[in-house]
Amino acid sequence: MHVISIDQFNRENLFELFERTKKLEKIFYSKDGRLELAKKHRDKQICTLFYEPSTRTRLSFETAGYKLGFGVVSTESAGEFSSASKGETIEDTIHVLDEYKFSAIIIRHPETGMVGRAAKVAKTPVINAGDGKGEHPTQSLLDLYTIYFNFNRLDNLTVTIGGDLKYGRTARSLAKILSKFDGNHIKFVSTKSLAIDKDIKDFLKKNDTTFEEITDIESGIKDSDVVYWTRLQKERLAESDKHLASGFVIDKKAMRLMKKDSILLHPLPRVDEITIGVDDDPRAKYFDQAGNGLFIRMALLDQIASEEN
Ligand code: CP
């Protein structure tokens, strides 16, 4: 199974994955659980191929691999340190990696669609770790898992998605996956120049998910169960958009507008769109969210390797 888009997931396979995640987490924290997990896939290897910088996605995938006993082979800055720098195509790179019999190849690429292109020729399962402004499906899985963990449901939630919605792939994928559940309402908060694209709005309409577009932070975040904030994707801005700023900052004052039982999420890295003073607020869940990425990615690798047997 390749994991290229969040569109591959539905209620059923999401909840299956979440059950596997919870089970692995329980084993991990049980007596001798880490040793048990570290033996699980010790005859297998995974490969991470990152053409774009990453802290969380690469390191959590690699840690997830080690914790499940996989050997991990890795290239960061693959554009520079792999033979892509000599002109090798992604297809040829994949043909070669297929020969090394990995259980999964995890790829991040700055160009939208490039991971899908790799998957088209791959015999080995390919996981999209982020492709340009396209998708970042495993981020959406951990975002959704964090929401589920906090509310014990994924229906009938009001979710604010704010910041750079034009270039932020995590915002796009989260909106899509929320539309697979009933009764969710999305509040998109951004400046006009960084508004969510029409394709996502059309997708939501087709799936009967209600949404509104808001340009002021106060009405954007009050009454929401989840506030999902994102940074300006400076590395992806078109030349004509280079002057833009995300314009919205969540600080202690803004937190006072949020519901008492709401949560604040962010895919991270954070730049200045959430002030450090907010970190101590019990509703700030972004570091827990990043931690959930480890267990979600363990579950995904475990599932893929189990299908291999
Ligand atoms: N959230 C996320 O994808 O972080 P990294 O870019 O550090 O992997």
# chains A, B, ... in the order shown; residues from 1 in each chain; ligands from 1
call {"tool": "residues_near_ligand", "arguments": {"ligand": "ligand 1", "cutoff": "6 Å", "atoms": "only C-alpha atoms and all ligand atoms", "output": "ChimeraX atom specification"}}
result
/A:54-58,267-269
call {"tool": "residues_around", "arguments": {"residues": "His266 of chain A", "least_positions_apart": "2", "cutoff": "6 Å", "atoms": "only C-alpha atoms", "output": "PDB file with C-alpha atoms, in the first residue's frame"}}
result
ATOM      1  CA  TYR A 228      -5.554  24.774  14.063  1.00  0.00           C
ATOM      2  CA  TRP A 229      -2.987  27.472  13.362  1.00  0.00           C
ATOM      3  CA  THR A 230      -0.287  27.485  10.676  1.00  0.00           C
ATOM      4  CA  LEU A 268       4.923  23.053  13.711  1.00  0.00           C
ATOM      5  CA  TYR A 286       0.862  21.257  19.713  1.00  0.00           C
TER       6      TYR A 286
END
call {"tool": "atom_distance", "arguments": {"atom1": "atom CA of Ser85 of chain A", "atom2": "atom CA of Lys120 of chain A"}}
result
21.8 Å
call {"tool": "residues_around", "arguments": {"residues": "Phe50 of chain A", "least_positions_apart": "5", "cutoff": "8 Å", "atoms": "only C-alpha atoms", "output": "ChimeraX atom specification"}}
result
/A:58,75-78,106-109
call {"tool": "write_last_selection", "arguments": {"atoms": "C-alpha atoms", "output": "PDB file, in the first residue's frame"}}
result
ATOM      1  CA  ARG A  58      11.833  12.517   9.238  1.00  0.00           C
ATOM      2  CA  THR A  75      19.195  10.603   3.143  1.00  0.00           C
ATOM      3  CA  GLU A  76      18.458  14.148   4.184  1.00  0.00           C
ATOM      4  CA  SER A  77      18.970  16.985   1.683  1.00  0.00           C
ATOM      5  CA  ALA A  78      18.553  14.311  -0.982  1.00  0.00           C
ATOM      6  CA  ILE A 106       9.305   7.593   2.906  1.00  0.00           C
ATOM      7  CA  ILE A 107       9.741  10.614   0.644  1.00  0.00           C
ATOM      8  CA  ARG A 108       9.482  14.368   1.097  1.00  0.00           C
ATOM      9  CA  HIS A 109       9.867  16.490  -2.008  1.00  0.00           C
TER      10      HIS A 109
END
call {"tool": "residues_around", "arguments": {"residues": "Lys205 of chain A", "least_positions_apart": "6", "cutoff": "12 Å", "atoms": "only C-alpha atoms", "output": "number ranges by chain"}}
result
A: 175-176, 179-180, 185-186, 198-199, 211-212
call {"tool": "write_last_selection", "arguments": {"atoms": "N, CA and C atoms", "output": "PDB file, in the first residue's frame"}}
result
ATOM      1  N   ALA A 175      -8.680  19.936   6.169  1.00  0.00           N
ATOM      2  CA  ALA A 175     -10.045  20.287   5.753  1.00  0.00           C
ATOM      3  C   ALA A 175     -10.697  19.116   5.029  1.00  0.00           C
ATOM      4  N   LYS A 176      -9.920  18.463   4.162  1.00  0.00           N
ATOM      5  CA  LYS A 176     -10.473  17.341   3.393  1.00  0.00           C
ATOM      6  C   LYS A 176     -10.859  16.177   4.302  1.00  0.00           C
ATOM      7  N   SER A 179     -14.028  16.464   6.336  1.00  0.00           N
ATOM      8  CA  SER A 179     -15.289  16.355   5.590  1.00  0.00           C
ATOM      9  C   SER A 179     -15.753  14.908   5.462  1.00  0.00           C
ATOM     10  N   LYS A 180     -14.939  13.966   5.900  1.00  0.00           N
ATOM     11  CA  LYS A 180     -15.360  12.546   5.862  1.00  0.00           C
ATOM     12  C   LYS A 180     -16.234  12.208   7.071  1.00  0.00           C
ATOM     13  N   HIS A 185     -18.031  21.699  11.061  1.00  0.00           N
ATOM     14  CA  HIS A 185     -18.096  23.026  10.441  1.00  0.00           C
ATOM     15  C   HIS A 185     -16.693  23.626  10.482  1.00  0.00           C
ATOM     16  N   ILE A 186     -16.233  24.122   9.342  1.00  0.00           N
ATOM     17  CA  ILE A 186     -14.864  24.658   9.280  1.00  0.00           C
ATOM     18  C   ILE A 186     -14.898  26.176   9.132  1.00  0.00           C
ATOM     19  N   LYS A 198      -9.902  27.241  -4.206  1.00  0.00           N
ATOM     20  CA  LYS A 198     -11.247  26.844  -4.635  1.00  0.00           C
ATOM     21  C   LYS A 198     -11.414  25.322  -4.641  1.00  0.00           C
ATOM     22  N   ASP A 199     -10.351  24.593  -4.977  1.00  0.00           N
ATOM     23  CA  ASP A 199     -10.507  23.121  -5.064  1.00  0.00           C
ATOM     24  C   ASP A 199     -10.925  22.534  -3.719  1.00  0.00           C
ATOM     25  N   PHE A 211     -18.728  25.520   5.706  1.00  0.00           N
ATOM     26  CA  PHE A 211     -17.519  26.296   6.030  1.00  0.00           C
ATOM     27  C   PHE A 211     -17.802  27.776   5.848  1.00  0.00           C
ATOM     28  N   GLU A 212     -16.961  28.597   6.442  1.00  0.00           N
ATOM     29  CA  GLU A 212     -17.037  30.042   6.221  1.00  0.00           C
ATOM     30  C   GLU A 212     -15.621  30.577   6.137  1.00  0.00           C
TER      31      GLU A 212
END
call {"tool": "closest_residue", "arguments": {"among": "A:Asp155, A:Met298, A:Glu307, A:Phe70", "to": "Lys23 of chain A", "atoms": "only C-alpha atoms"}}
result
A:Met298
call {"tool": "closest_residue", "arguments": {"among": "A:Thr93, A:Asn184, A:Thr170, A:Ser190", "to": "Ile221 of chain A", "atoms": "only C-alpha atoms"}}
result
A:Ser190
call {"tool": "atom_distance", "arguments": {"atom1": "atom CA of Tyr51 of chain A", "atom2": "atom CA of Ala38 of chain A"}}
result
28.2 Å
call {"tool": "residues_around", "arguments": {"residues": "segment 123-137 of chain A", "least_positions_apart": "6", "cutoff": "9 Å", "atoms": "only C-alpha atoms", "output": "NGL selection string"}}
result
:A and (1-7 or 50 or 52 or 57-58 or 94-95 or 97-98 or 101-116 or 166-170 or 172-174 or 236 or 304)
